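Undergrad: Here you go, target-v2.csv (CSV, C-alpha atoms):
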chain,number,residue,atom,x,y,z
A,1,MET,CA,63.7,110.7,90.0
A,2,ALA,CA,66.3,108.2,91.3
A,3,ASN,CA,67.6,106.0,88.5
A,4,ASP,CA,69.2,102.8,89.7
A,5,ASN,CA,70.5,102.1,86.2
A,6,ARG,CA,72.8,105.1,85.9
A,7,PRO,CA,76.4,104.2,85.0
A,8,LEU,CA,78.6,103.6,88.0
A,9,SER,CA,82.4,103.8,88.3
A,10,PRO,CA,83.9,102.3,85.1
A,11,PHE,CA,86.5,100.8,87.4
A,12,HIS,CA,86.4,97.3,85.8
A,13,HIS,CA,86.6,98.7,82.2
A,14,TYR,CA,89.9,100.7,82.6
A,15,LYS,CA,93.2,99.2,81.8
A,16,PRO,CA,95.3,99.0,85.0
A,17,GLN,CA,97.8,101.9,85.0
A,18,LEU,CA,100.6,102.9,87.4
A,19,THR,CA,98.6,106.0,88.5
A,20,SER,CA,95.4,104.0,89.4
A,21,LEU,CA,97.3,101.1,90.9
A,22,LEU,CA,99.2,103.4,93.2
A,23,SER,CA,96.0,105.2,94.2
A,24,PHE,CA,94.4,101.9,95.0
A,25,ALA,CA,97.5,100.8,96.9
A,26,HIS,CA,97.4,104.0,99.0
A,27,ARG,CA,93.9,103.2,100.2
A,28,LEU,CA,94.7,99.5,100.7
A,29,SER,CA,97.9,100.3,102.7
A,30,GLY,CA,96.0,102.8,104.7
A,31,ILE,CA,93.5,100.1,105.8
A,32,ALA,CA,96.3,97.7,106.6
A,33,LEU,CA,98.0,100.4,108.7
A,34,SER,CA,94.8,101.1,110.6
A,35,VAL,CA,94.7,97.4,111.6
A,36,SER,CA,98.4,97.6,112.4
A,37,ALA,CA,97.8,100.6,114.7
A,38,ALA,CA,95.7,98.2,116.8
A,39,GLY,CA,98.6,95.8,116.8
A,40,LEU,CA,101.0,98.5,118.0
A,41,VAL,CA,98.7,99.5,120.8
A,42,TYR,CA,98.3,95.8,121.7
A,43,TRP,CA,102.1,95.5,121.9
A,44,LEU,CA,102.2,98.5,124.3
A,45,VAL,CA,99.5,97.1,126.5
A,46,LEU,CA,101.5,93.8,126.7
A,47,LEU,CA,104.7,95.7,127.5
A,48,ALA,CA,102.8,97.5,130.3
A,49,ASP,CA,101.5,94.1,131.5
A,50,GLY,CA,104.9,92.6,132.1
A,51,PRO,CA,107.4,90.2,130.5
A,52,GLN,CA,105.1,87.1,130.7
A,53,ALA,CA,102.5,88.9,128.7
A,54,LEU,CA,105.0,89.7,126.0
A,55,GLU,CA,105.6,86.1,125.4
A,56,SER,CA,102.4,85.8,123.4
A,57,LEU,CA,104.2,87.8,120.7
A,58,GLU,CA,106.5,84.9,120.0
A,59,ILE,CA,104.0,84.1,117.2
A,60,LEU,CA,105.6,87.0,115.3
A,61,ALA,CA,108.8,85.0,115.0
A,62,THR,CA,107.1,82.3,112.9
A,63,VAL,CA,107.2,82.5,109.1
A,64,PRO,CA,103.6,83.8,108.8
A,65,GLY,CA,104.4,86.3,111.5
A,66,GLN,CA,107.5,87.5,109.7
A,67,ILE,CA,105.5,87.8,106.5
A,68,VAL,CA,102.9,90.0,108.3
A,69,LEU,CA,105.6,92.2,109.7
A,70,ALA,CA,107.2,92.5,106.3
A,71,GLY,CA,103.9,93.5,104.8
A,72,VAL,CA,103.0,96.0,107.5
A,73,THR,CA,106.4,97.8,107.2
A,74,LEU,CA,106.1,97.8,103.4
A,75,ALA,CA,102.6,99.3,103.7
A,76,PHE,CA,104.0,101.9,106.2
A,77,PHE,CA,106.8,103.1,103.9
A,78,TYR,CA,104.6,103.1,100.9
A,79,HIS,CA,101.8,105.1,102.6
A,80,LEU,CA,104.4,107.5,103.9
A,81,ASN,CA,106.1,108.1,100.5
A,82,ASN,CA,102.9,108.3,98.5
A,83,GLY,CA,101.4,110.5,101.2
A,84,ILE,CA,104.2,113.0,100.6
A,85,ARG,CA,103.3,112.8,96.9
A,86,HIS,CA,99.7,113.6,97.8
A,87,LEU,CA,100.8,116.6,99.9
A,88,PHE,CA,102.7,118.0,96.8
A,89,TRP,CA,99.5,117.5,94.8
A,90,ASP,CA,97.6,119.5,97.5
A,91,MET,CA,100.0,122.4,96.9
A,92,GLY,CA,99.1,122.2,93.2
A,93,MET,CA,102.4,120.6,92.1
A,94,GLY,CA,103.1,117.6,89.9
A,95,PHE,CA,99.8,117.2,88.0
A,96,GLU,CA,101.3,116.9,84.5
A,97,ILE,CA,100.9,113.4,83.2
A,98,GLY,CA,104.7,112.9,82.9
A,99,ARG,CA,105.3,114.2,86.4
A,100,THR,CA,102.6,112.0,87.9
A,101,TYR,CA,104.3,108.9,86.4
A,102,LEU,CA,107.8,110.1,87.4
A,103,THR,CA,106.7,110.7,91.1
A,104,GLY,CA,104.9,107.4,91.0
A,105,TRP,CA,108.1,105.5,90.2
A,106,LEU,CA,110.0,107.7,92.7
A,107,VAL,CA,107.6,106.7,95.4
A,108,LEU,CA,108.1,103.0,94.5
A,109,ALA,CA,111.9,103.3,94.5
A,110,ALA,CA,112.0,105.2,97.8
A,111,THR,CA,109.6,102.7,99.4
A,112,LEU,CA,111.7,99.8,98.3
A,113,LEU,CA,114.9,101.4,99.5
A,114,MET,CA,113.5,102.4,102.9
A,115,TRP,CA,112.0,98.9,103.4
A,116,ILE,CA,115.2,97.1,102.6
A,117,ALA,CA,117.2,99.6,104.7
A,118,PHE,CA,114.9,99.0,107.6
A,119,TRP,CA,115.1,95.2,107.5
A,120,ALA,CA,118.8,95.3,106.9
A,121,ALA,CA,119.2,97.5,110.1
A,122,VAL,CA,116.7,95.8,112.4
A,123,THR,CA,118.4,93.2,114.5
A,124,ASP,CA,115.5,91.8,116.4
A,125,LEU,CA,111.7,91.9,116.5
A,126,PRO,CA,108.9,91.6,119.0
A,127,GLY,CA,109.0,87.9,119.8
A,128,GLY,CA,112.5,87.6,118.5
A,129,LEU,CA,113.8,86.6,115.1
A,130,PRO,CA,114.2,82.8,114.7
B,1,MET,CA,70.8,134.0,98.7
B,2,SER,CA,71.3,130.3,98.3
B,3,LEU,CA,73.2,128.8,95.4
B,4,ARG,CA,71.6,125.4,95.9
B,5,THR,CA,69.1,124.1,93.3
B,6,PRO,CA,65.5,123.5,94.4
B,7,LEU,CA,66.0,119.8,93.6
B,8,GLY,CA,69.1,119.6,95.7
B,9,LYS,CA,67.2,121.2,98.6
B,10,VAL,CA,64.3,118.8,98.3
B,11,MET,CA,66.6,115.8,98.2
B,12,GLY,CA,68.7,117.0,101.1
B,13,LEU,CA,71.9,116.5,99.2
B,14,GLY,CA,74.7,118.9,98.7
B,15,SER,CA,76.3,120.1,101.9
B,16,ALA,CA,79.2,118.1,103.2
B,17,LYS,CA,79.1,120.0,106.4
B,18,GLY,CA,82.5,119.4,108.1
B,19,GLY,CA,84.3,118.4,104.9
B,20,THR,CA,86.8,121.1,104.9
B,21,GLY,CA,87.8,120.4,108.5
B,22,HIS,CA,88.2,116.7,107.8
B,23,TRP,CA,90.4,117.4,104.7
B,24,TRP,CA,92.5,119.9,106.6
B,25,MET,CA,93.1,117.7,109.7
B,26,GLN,CA,94.0,114.7,107.5
B,27,ARG,CA,96.8,116.9,106.0
B,28,VAL,CA,97.9,118.3,109.4
B,29,THR,CA,98.2,114.8,110.9
B,30,ALA,CA,99.9,113.5,107.7
B,31,ILE,CA,102.6,116.1,108.0
B,32,ALA,CA,103.1,115.3,111.7
B,33,LEU,CA,103.2,111.6,110.9
B,34,ILE,CA,106.0,112.0,108.4
B,35,VAL,CA,108.3,113.1,111.3
B,36,LEU,CA,106.8,110.9,114.0
B,37,GLY,CA,106.6,107.8,111.8
B,38,LEU,CA,110.2,108.0,110.7
B,39,TRP,CA,111.3,108.7,114.3
B,40,PHE,CA,109.4,105.5,115.4
B,41,MET,CA,110.9,103.3,112.7
B,42,ILE,CA,114.4,104.6,113.5
B,43,SER,CA,113.7,104.0,117.2
B,44,LEU,CA,112.7,100.4,116.5
B,45,VAL,CA,116.1,99.9,114.9
B,46,ALA,CA,117.9,101.8,117.7
B,47,ILE,CA,116.3,99.7,120.5
B,48,GLY,CA,117.9,96.8,118.7
B,49,ASP,CA,116.8,93.8,120.7
B,50,LEU,CA,113.1,94.5,121.0
B,51,GLY,CA,112.8,92.3,124.0
B,52,TYR,CA,111.0,93.3,127.2
B,53,HIS,CA,113.9,95.0,129.1
B,54,SER,CA,115.4,97.0,126.3
B,55,THR,CA,112.0,98.2,125.1
B,56,ILE,CA,110.9,99.2,128.6
B,57,ALA,CA,114.2,101.0,129.3
B,58,TRP,CA,113.7,102.9,126.0
B,59,LEU,CA,110.0,103.8,126.9
B,60,ALA,CA,110.9,104.8,130.4
B,61,ARG,CA,112.8,107.9,129.0
B,62,PRO,CA,110.3,110.8,129.1
B,63,LEU,CA,111.2,112.2,125.6
B,64,ASN,CA,110.5,108.7,124.1
B,65,ALA,CA,107.2,108.4,126.0
B,66,VAL,CA,106.1,111.9,124.8
B,67,LEU,CA,107.0,111.2,121.2
B,68,LEU,CA,105.5,107.7,121.2
B,69,SER,CA,102.2,108.9,122.7
B,70,SER,CA,102.1,111.7,120.1
B,71,PHE,CA,102.7,109.2,117.4
B,72,VAL,CA,100.0,106.8,118.6
B,73,LEU,CA,97.4,109.6,119.1
B,74,THR,CA,98.2,111.3,115.8
B,75,MET,CA,98.2,108.0,113.9
B,76,LEU,CA,94.9,107.0,115.4
B,77,TYR,CA,93.4,110.4,114.5
B,78,HIS,CA,94.7,110.1,110.9
B,79,SER,CA,93.4,106.5,110.9
B,80,LYS,CA,89.9,107.5,112.1
B,81,LEU,CA,89.7,110.1,109.3
B,82,GLY,CA,90.8,107.6,106.7
B,83,VAL,CA,88.6,104.7,107.8
B,84,GLN,CA,85.7,107.2,107.8
B,85,ILE,CA,86.3,107.9,104.1
B,86,VAL,CA,86.5,104.2,103.2
B,87,ILE,CA,83.2,103.5,105.0
B,88,GLU,CA,81.5,106.5,103.5
B,89,ASP,CA,82.7,105.4,100.0
B,90,TYR,CA,82.0,101.7,100.1
B,91,VAL,CA,79.1,101.1,102.5
B,92,GLY,CA,75.9,101.8,100.6
B,93,SER,CA,73.2,101.2,103.2
B,94,PRO,CA,72.7,104.3,105.5
B,95,ALA,CA,72.1,102.1,108.5
B,96,TRP,CA,75.3,100.0,108.1
B,97,LYS,CA,77.2,103.2,107.3
B,98,VAL,CA,76.2,104.9,110.5
B,99,ALA,CA,76.9,101.7,112.4
B,100,GLY,CA,80.3,101.3,110.8
B,101,LEU,CA,81.2,105.0,111.5
B,102,LEU,CA,80.1,104.7,115.2
B,103,LEU,CA,82.1,101.4,115.6
B,104,SER,CA,85.2,103.0,114.0
B,105,VAL,CA,85.0,106.0,116.4
B,106,PHE,CA,84.6,103.8,119.4
B,107,VAL,CA,87.4,101.5,118.5
B,108,HIS,CA,89.8,104.4,117.7
B,109,LEU,CA,89.0,106.0,121.0
B,110,LEU,CA,89.5,102.8,122.9
B,111,LEU,CA,92.9,102.2,121.2
B,112,ALA,CA,93.9,105.8,122.0
B,113,MET,CA,93.1,105.3,125.7
B,114,ALA,CA,94.8,101.9,125.8
B,115,GLY,CA,97.9,103.2,124.1
B,116,VAL,CA,98.3,106.3,126.3
B,117,ILE,CA,97.6,104.4,129.5
B,118,ALA,CA,100.1,101.7,128.6
B,119,ILE,CA,102.8,104.3,127.9
B,120,LEU,CA,102.1,106.2,131.1
B,121,ARG,CA,102.1,103.0,133.2
B,122,ILE,CA,105.5,102.0,131.7
B,123,GLY,CA,106.8,105.5,132.2
B,124,ALA,CA,105.7,105.5,135.9
B,125,GLY,CA,107.3,102.2,136.5
B,126,GLY,CA,103.9,100.6,137.0
B,127,GLY,CA,104.7,97.6,134.9
B,128,SER,CA,104.7,94.4,137.0
Could you express the structure from this file as structure tokens?

TA:
Amino acid sequence: MANDNRPLSPFHHYKPQLTSLLSFAHRLSGIALSVSAAGLVYWLVLLADGPQALESLEILATVPGQIVLAGVTLAFFYHLNNGIRHLFWDMGMGFEIGRTYLTGWLVLAATLLMWIAFWAAVTDLPGGLP
Amino acid sequence: MSLRTPLGKVMGLGSAKGGTGHWWMQRVTAIALIVLGLWFMISLVAIGDLGYHSTIAWLARPLNAVLLSSFVLTMLYHSKLGVQIVIEDYVGSPAWKVAGLLLSVFVHLLLAMAGVIAILRIGAGGGS
């Protein structure tokens, strides 16, 4: 009965579109944020452990560390904004093709704005900025 | 009366069991995380120098400790639900799927315990 040859997801045959890319990015950012959640808890444990323990976070002040933090915050703001888009879909709103693209671009714009605003406002980071 | 087909019954496919609850809690935690997440990011900016003393002083205030532990727990719950879907979607072998799901639950529980205990310790002035 089981047919191993049945067609699977035509993922590789589709032209990349804004809608599919944003959907993929939602999942990818979600996975990245799950890993980051462990990082946040690690930070709290170090804080509870004392000032010496916190020194191990100085690695975040290096260029790779800063790139990771920039990526994590970008994933956060994207997942937040696209999550709100998902909640509107759950209420049955915004399914028209034109609307889906419009809200997709809105999510990208809002994400970029919040990300830039955050990094413009933040004065220091765990480990300290260089 | 059952609406399931005989083939579906024989193959044991069809029912997703707790699917509705999973879907619903993912939305409930998502709504809470809009507020808690934005509060957390604004707090990071407000603390300013995220060094030891300023962060501890911020966390020692009860309202911040309450909101941060709520954020950590809600986020880990939301994360557990999301990771579960990713594992169910991409891990084909049933054995690896169950192993992955179990590991995910254990890791999320450990992180929740660690986060809450750390926040409580700081709030109680237990940090050395």

Undergrad: Should the cut-off be 10 Å, what would the residue list for chain A against chain B look like, counting only C-alpha atoms, as number ranges by chain?

TA: A: 27-28, 30-31, 33-35, 37-55, 73, 76-77, 79-81, 83-84, 86-87, 90, 118-129

Undergrad: CA of Tyr101 (chain A) to CA of Ser29 (chain A): how many Å, to one decimal?

TA: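 CA of Ser29 (chain A) lies 19.5 Å from CA of Tyr101 (chain A).
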
Undergrad: Any idea what the distance is between CA of Gly98 (chain A) and CA of Gln17 (chain A)?

TA: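 Interatomic distance here is 13.2 Å.
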
Undergrad: Give me, please, the distance in Å between CA of Ala95 (chain B) and CA of Gly21 (chain B), quoted to one decimal.

TA: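 These atoms are spaced 24.1 Å apart.
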